[in-house]
file work_12.cif (mmCIF, C-alpha atoms)
data_model
#
loop_
_atom_site.group_PDB
_atom_site.id
_atom_site.type_symbol
_atom_site.label_atom_id
_atom_site.label_comp_id
_atom_site.auth_asym_id
_atom_site.auth_seq_id
_atom_site.Cartn_x
_atom_site.Cartn_y
_atom_site.Cartn_z
ATOM 1 C CA MET Z 366 192.742 3.793 -150.749
ATOM 2 C CA PRO Z 367 194.538 0.456 -150.642
ATOM 3 C CA LEU Z 368 197.915 0.051 -152.305
ATOM 4 C CA LEU Z 369 196.929 -3.325 -153.674
ATOM 5 C CA MET Z 370 193.466 -3.554 -155.123
ATOM 6 C CA LEU Z 371 193.239 -7.346 -155.161
ATOM 7 C CA LYS Z 372 191.128 -9.346 -152.759
ATOM 8 C CA ASP Z 373 193.265 -12.461 -153.166
ATOM 9 C CA LEU Z 374 196.915 -12.610 -154.135
ATOM 10 C CA PRO Z 375 197.753 -14.685 -157.203
ATOM 11 C CA GLN Z 376 199.270 -18.104 -156.581
ATOM 12 C CA TYR Z 377 202.967 -18.415 -157.385
ATOM 13 C CA GLU Z 378 202.095 -20.721 -160.285
ATOM 14 C CA CYS Z 379 200.042 -17.906 -161.847
ATOM 15 C CA ILE Z 380 203.003 -15.567 -161.528
ATOM 16 C CA LEU Z 381 205.199 -18.190 -163.243
ATOM 17 C CA GLU Z 382 202.683 -18.417 -166.098
ATOM 18 C CA ALA Z 383 202.631 -14.635 -166.479
ATOM 19 C CA ALA Z 384 206.452 -14.635 -166.595
ATOM 20 C CA LYS Z 385 206.297 -16.776 -169.738
ATOM 21 C CA HIS Z 386 204.431 -13.952 -171.455
ATOM 22 C CA TYR Z 387 206.382 -11.075 -169.858
ATOM 23 C CA PRO Z 388 210.126 -11.819 -169.890
ATOM 24 C CA THR Z 389 210.897 -8.879 -167.571
ATOM 25 C CA LEU Z 390 208.665 -10.314 -164.846
ATOM 26 C CA GLU Z 391 210.842 -11.795 -162.086
ATOM 27 C CA PRO Z 392 208.513 -14.222 -160.276
ATOM 28 C CA THR Z 393 210.098 -14.027 -156.810
ATOM 29 C CA ALA Z 394 210.356 -10.228 -157.006
ATOM 30 C CA ASN Z 395 206.724 -9.982 -158.068
ATOM 31 C CA GLU Z 396 205.543 -12.327 -155.331
ATOM 32 C CA ALA Z 397 207.525 -10.462 -152.653
ATOM 33 C CA PHE Z 398 206.233 -7.120 -153.910
ATOM 34 C CA LEU Z 399 202.596 -8.245 -153.825
ATOM 35 C CA HIS Z 400 203.028 -9.527 -150.273
ATOM 36 C CA LEU Z 401 204.699 -6.252 -149.272
ATOM 37 C CA LEU Z 402 201.736 -4.280 -150.616
ATOM 38 C CA ARG Z 403 199.199 -6.603 -148.957
ATOM 39 C CA THR Z 404 201.026 -6.303 -145.625
ATOM 40 C CA ALA Z 405 201.185 -2.506 -145.936
ATOM 41 C CA ASP Z 406 197.436 -2.428 -146.586
ATOM 42 C CA LEU Z 407 196.703 -4.613 -143.554
ATOM 43 C CA VAL Z 408 198.983 -2.553 -141.291
ATOM 44 C CA ASN Z 409 197.423 0.666 -142.585
ATOM 45 C CA GLU Z 410 193.911 -0.673 -141.992
ATOM 46 C CA ASP Z 411 194.860 -1.748 -138.462
ATOM 47 C CA SER Z 412 196.448 1.653 -137.825
ATOM 48 C CA GLN Z 413 193.402 3.555 -139.074
ATOM 49 C CA HIS Z 414 191.177 1.460 -136.792
ATOM 50 C CA PHE Z 415 193.488 2.114 -133.828
ATOM 51 C CA PHE Z 416 193.581 5.882 -134.327
ATOM 52 C CA SER Z 417 189.864 6.069 -135.079
ATOM 53 C CA LYS Z 418 189.179 4.276 -131.799
ATOM 54 C CA HIS Z 419 191.211 7.001 -130.082
ATOM 55 C CA GLY Z 420 189.557 9.890 -131.950
ATOM 56 C CA MET Z 421 192.831 10.720 -133.674
ATOM 57 C CA SER Z 422 194.375 10.539 -137.128
ATOM 58 C CA GLN Z 423 197.808 9.127 -137.815
ATOM 59 C CA GLY Z 424 198.882 12.516 -139.173
ATOM 60 C CA ARG Z 425 197.850 14.365 -136.024
ATOM 61 C CA PHE Z 426 199.495 11.722 -133.836
ATOM 62 C CA THR Z 427 202.724 12.007 -135.838
ATOM 63 C CA VAL Z 428 202.804 15.788 -135.403
ATOM 64 C CA MET Z 429 202.161 15.437 -131.683
ATOM 65 C CA MET Z 430 204.998 12.921 -131.382
ATOM 66 C CA LEU Z 431 207.335 15.294 -133.271
ATOM 67 C CA LEU Z 432 206.363 18.150 -130.974
ATOM 68 C CA HIS Z 433 207.025 15.957 -127.931
ATOM 69 C CA ARG Z 434 210.599 15.059 -128.981
ATOM 70 C CA PRO Z 435 213.224 17.149 -127.125
ATOM 71 C CA TRP Z 436 215.906 16.579 -129.775
ATOM 72 C CA ILE Z 437 213.833 18.450 -132.355
ATOM 73 C CA LYS Z 438 214.799 22.004 -131.467
ATOM 74 C CA VAL Z 439 213.227 23.930 -134.347
ATOM 75 C CA LYS Z 440 209.479 23.384 -134.236
ATOM 76 C CA THR Z 441 208.211 25.710 -136.934
ATOM 77 C CA PRO Z 442 205.397 24.570 -139.222
ATOM 78 C CA ALA Z 443 207.883 24.333 -142.120
ATOM 79 C CA ALA Z 444 210.364 22.239 -140.102
ATOM 80 C CA LEU Z 445 207.575 19.953 -138.881
ATOM 81 C CA ALA Z 446 206.395 19.472 -142.482
ATOM 82 C CA ASP Z 447 209.929 18.444 -143.462
ATOM 83 C CA TRP Z 448 210.223 16.039 -140.522
ATOM 84 C CA ALA Z 449 206.824 14.482 -141.302
ATOM 85 C CA GLY Z 450 207.413 14.336 -145.058
ATOM 86 C CA VAL Z 451 204.257 16.272 -145.893
ATOM 87 C CA THR Z 452 203.573 19.555 -147.671
ATOM 88 C CA ARG Z 453 203.420 22.775 -145.724
ATOM 89 C CA ALA Z 454 199.733 23.057 -146.610
ATOM 90 C CA THR Z 455 199.080 19.615 -145.117
ATOM 91 C CA MET Z 456 200.997 20.593 -141.973
ATOM 92 C CA THR Z 457 198.942 23.785 -141.689
ATOM 93 C CA GLY Z 458 195.748 21.719 -141.781
ATOM 94 C CA LEU Z 459 197.060 19.292 -139.159
ATOM 95 C CA LEU Z 460 198.143 22.157 -136.897
ATOM 96 C CA ASP Z 461 194.794 23.902 -137.371
ATOM 97 C CA THR Z 462 192.909 20.866 -136.055
ATOM 98 C CA LEU Z 463 195.377 20.262 -133.208
ATOM 99 C CA GLU Z 464 195.080 23.904 -132.189
ATOM 100 C CA LYS Z 465 191.263 23.857 -132.505
ATOM 101 C CA ASP Z 466 191.188 20.824 -130.189
ATOM 102 C CA GLY Z 467 193.484 22.543 -127.687
ATOM 103 C CA LEU Z 468 196.301 20.023 -128.168
ATOM 104 C CA ALA Z 469 198.890 22.385 -129.692
ATOM 105 C CA ILE Z 470 199.525 26.101 -129.872
ATOM 106 C CA ARG Z 471 201.373 28.337 -132.348
ATOM 107 C CA ARG Z 472 203.315 31.259 -130.885
ATOM 108 C CA PRO Z 473 205.564 33.937 -132.314
ATOM 109 C CA ASP Z 474 209.260 33.182 -131.769
ATOM 110 C CA PRO Z 475 210.528 35.489 -128.983
ATOM 111 C CA ASN Z 476 213.734 36.250 -130.952
ATOM 112 C CA ASP Z 477 212.150 36.692 -134.395
ATOM 113 C CA ARG Z 478 208.469 37.560 -134.526
ATOM 114 C CA ARG Z 479 208.331 36.584 -138.233
ATOM 115 C CA ILE Z 480 208.786 32.953 -137.158
ATOM 116 C CA THR Z 481 206.041 30.870 -135.586
ATOM 117 C CA GLN Z 482 206.958 28.122 -133.140
ATOM 118 C CA VAL Z 483 204.588 25.242 -132.341
ATOM 119 C CA GLU Z 484 204.321 23.385 -129.051
ATOM 120 C CA LEU Z 485 202.042 20.919 -127.363
ATOM 121 C CA THR Z 486 199.696 22.200 -124.701
ATOM 122 C CA GLY Z 487 199.307 20.455 -121.371
ATOM 123 C CA ALA Z 488 196.210 18.783 -122.800
ATOM 124 C CA GLY Z 489 198.265 17.620 -125.815
ATOM 125 C CA ILE Z 490 200.918 16.068 -123.589
ATOM 126 C CA GLN Z 491 198.222 14.377 -121.500
ATOM 127 C CA ARG Z 492 196.530 13.028 -124.662
ATOM 128 C CA LEU Z 493 199.822 11.526 -125.846
ATOM 129 C CA GLU Z 494 200.353 9.933 -122.426
ATOM 130 C CA GLU Z 495 196.923 8.318 -122.781
ATOM 131 C CA ILE Z 496 197.432 7.041 -126.349
ATOM 132 C CA CYS Z 497 201.106 5.986 -126.402
ATOM 133 C CA PRO Z 498 200.916 2.881 -124.180
ATOM 134 C CA ASP Z 499 198.041 1.473 -126.269
ATOM 135 C CA CYS Z 500 199.855 2.425 -129.483
ATOM 136 C CA PHE Z 501 203.004 0.580 -128.419
ATOM 137 C CA ARG Z 502 200.931 -2.483 -127.451
ATOM 138 C CA SER Z 503 199.313 -2.379 -130.882
ATOM 139 C CA ILE Z 504 202.697 -2.253 -132.615
ATOM 140 C CA ALA Z 505 203.959 -5.151 -130.480
ATOM 141 C CA ARG Z 506 200.840 -7.147 -131.418
ATOM 142 C CA ILE Z 507 201.430 -6.546 -135.124
ATOM 143 C CA MET Z 508 205.079 -7.591 -134.876
ATOM 144 C CA ALA Z 509 204.430 -10.521 -132.473
ATOM 145 C CA PRO Z 510 204.718 -13.252 -135.152
ATOM 146 C CA LEU Z 511 208.422 -12.368 -135.534
ATOM 147 C CA ASP Z 512 211.067 -12.997 -132.871
ATOM 148 C CA ASP Z 513 213.759 -10.382 -132.154
ATOM 149 C CA GLY Z 514 216.209 -11.864 -134.656
ATOM 150 C CA GLU Z 515 213.580 -11.987 -137.388
ATOM 151 C CA ARG Z 516 212.590 -8.391 -136.648
ATOM 152 C CA LYS Z 517 216.194 -7.231 -137.004
ATOM 153 C CA GLN Z 518 216.546 -9.189 -140.239
ATOM 154 C CA PHE Z 519 213.234 -7.734 -141.467
ATOM 155 C CA VAL Z 520 214.408 -4.187 -140.714
ATOM 156 C CA GLY Z 521 217.650 -4.867 -142.576
ATOM 157 C CA LEU Z 522 215.780 -6.156 -145.610
ATOM 158 C CA LEU Z 523 213.395 -3.201 -145.625
ATOM 159 C CA GLN Z 524 216.346 -0.818 -145.321
ATOM 160 C CA LYS Z 525 217.932 -2.422 -148.391
ATOM 161 C CA ILE Z 526 214.743 -1.797 -150.372
ATOM 162 C CA GLN Z 527 214.520 1.776 -149.056
ATOM 163 C CA ALA Z 528 218.158 2.444 -149.954
ATOM 164 C CA GLY Z 529 217.548 1.176 -153.474
ATOM 165 C CA LEU Z 530 214.586 3.516 -153.864
ATOM 166 C CA THR Z 531 216.367 6.566 -152.452
ATOM 167 C CA SER Z 532 219.854 6.061 -153.887
ATOM 168 C CA GLY Z 533 219.502 8.846 -156.413
ATOM 169 C CA GLU Z 534 220.408 6.439 -159.199
ATOM 170 C CA PRO Z 535 218.173 6.868 -162.237
ATOM 171 C CA ARG Z 536 215.603 4.142 -162.422
ATOM 172 C CA PRO Z 537 215.961 1.927 -165.499
ATOM 173 C CA GLU Z 538 212.575 2.914 -166.938
ATOM 174 C CA ALA Z 539 213.424 6.618 -166.526
ATOM 175 C CA ALA Z 540 216.781 6.158 -168.217
ATOM 176 C CA GLN Z 541 215.118 4.474 -171.200
ATOM 177 C CA LEU Z 542 212.728 7.379 -171.664
ATOM 178 C CA SER Z 543 215.511 9.997 -171.873
#

call {"tool": "encode", "arguments": {"input": "work_12.cif", "output": "structure tokens"}}
result
Amino acid sequence: MPLLMLKDLPQYECILEAAKHYPTLEPTANEAFLHLLRTADLVNEDSQHFFSKHGMSQGRFTVMMLLHRPWIKVKTPAALADWAGVTRATMTGLLDTLEKDGLAIRRPDPNDRRITQVELTGAGIQRLEEICPDCFRSIARIMAPLDDGERKQFVGLLQKIQAGLTSGEPRPEAAQLS
């Protein structure tokens, strides 16, 4: 489901008119937010098309990439769920399909048989080697309108937004409800 359910974004003049009626509406913030949502929708649509073309889902690809990273030492279903930011139930479903397709395997930990470790199979590694070059080309294509300096600035701006959303500070609307 799209984040923004508008076919066309409102013109800035329309946002200015709405701000006359809603004093808390900051026109530039609203415009930037709408463009952020539209861009996220377009990137998501492009990503879904890419993974569909490769017979893969983004979730399965993410798990495979996590399993392929040597710096991630603990590869239990619970740890993978934490790394991916999904529920354990979601991770179980992703691992079930990867295992069914022969791309990953769950094994008891040799030191503690109560713990299950997950790893890619040879076929899983080969599948990643097939998909990754095309995936990186796709990402480069999406980001091609920006030069290196603009990309760094863009990352910095996005990080500022992310920091504001994850700061732990109560959000104004939540504080008013208390």

call {"tool": "closest_residue", "arguments": {"input": "work_12.cif", "among": "Z:Ala528, Z:Val408, Z:Ile480, Z:Val428", "to": "Gly458 of chain Z", "atoms": "all atoms listed in the file"}}
result
Z:Val428

call {"tool": "resolve_selection", "arguments": {"input": "work_12.cif", "expression": "the PyMOL selection byres ((chain Z and resi 503-513) around 12)", "output": "PyMOL selection string"}}
result
chain Z and resi 404-405+407-416+496-502+514-520

call {"tool": "closest_residue", "arguments": {"input": "work_12.cif", "among": "Z:Pro442, Z:Gly450, Z:Pro367, Z:Pro375", "to": "Ile470 of chain Z", "atoms": "only C-alpha atoms"}}
result
Z:Pro442

call {"tool": "resolve_selection", "arguments": {"input": "work_12.cif", "expression": "the PyMOL selection byres ((chain Z and resi 469) around 7)", "output": "PyMOL selection string"}}
result
chain Z and resi 463-464+467-468+470-471+483-486+489

call {"tool": "closest_residue", "arguments": {"input": "work_12.cif", "among": "Z:Glu391, Z:Arg403, Z:Thr441, Z:Gly424", "to": "Arg479 of chain Z", "atoms": "all atoms listed in the file"}}
result
Z:Thr441

call {"tool": "axis_aligned_box", "arguments": {"input": "work_12.cif", "around": "segment 477-496 of chain Z", "padding_each_side": "5 Å", "output": "JSON"}}
result
{"center_x": 204.2, "center_y": 22.3, "center_z": -129.8, "size_x": 25.9, "size_y": 40.5, "size_z": 26.9}

call {"tool": "atom_distance", "arguments": {"input": "work_12.cif", "atom1": "atom CA of Leu368 of chain Z", "atom2": "atom CA of Leu402 of chain Z"}}
result
6.0 Å

call {"tool": "residues_around", "arguments": {"input": "work_12.cif", "residues": "segment 376-386 of chain Z", "least_positions_apart": "6", "cutoff": "8 Å", "atoms": "all atoms listed in the file", "output": "ChimeraX atom specification"}}
result
/Z:392,395-396

call {"tool": "atom_distance", "arguments": {"input": "work_12.cif", "atom1": "atom CA of Trp448 of chain Z", "atom2": "atom CA of Leu431 of chain Z"}}
result
7.8 Å

call {"tool": "atom_distance", "arguments": {"input": "work_12.cif", "atom1": "atom CA of His433 of chain Z", "atom2": "atom CA of Ile490 of chain Z"}}
result
7.5 Å

call {"tool": "closest_residue", "arguments": {"input": "work_12.cif", "among": "Z:Arg434, Z:Arg425, Z:Asn476, Z:Ala488", "to": "Met456 of chain Z", "atoms": "all atoms listed in the file"}}
result
Z:Arg425

call {"tool": "closest_residue", "arguments": {"input": "work_12.cif", "among": "Z:Leu371, Z:His419, Z:Phe426, Z:Ala443", "to": "His400 of chain Z", "atoms": "all atoms listed in the file"}}
result
Z:Leu371

call {"tool": "closest_residue", "arguments": {"input": "work_12.cif", "among": "Z:Thr457, Z:Ile526, Z:Gly533, Z:Ala449", "to": "Ala394 of chain Z", "atoms": "only C-alpha atoms"}}
result
Z:Ile526
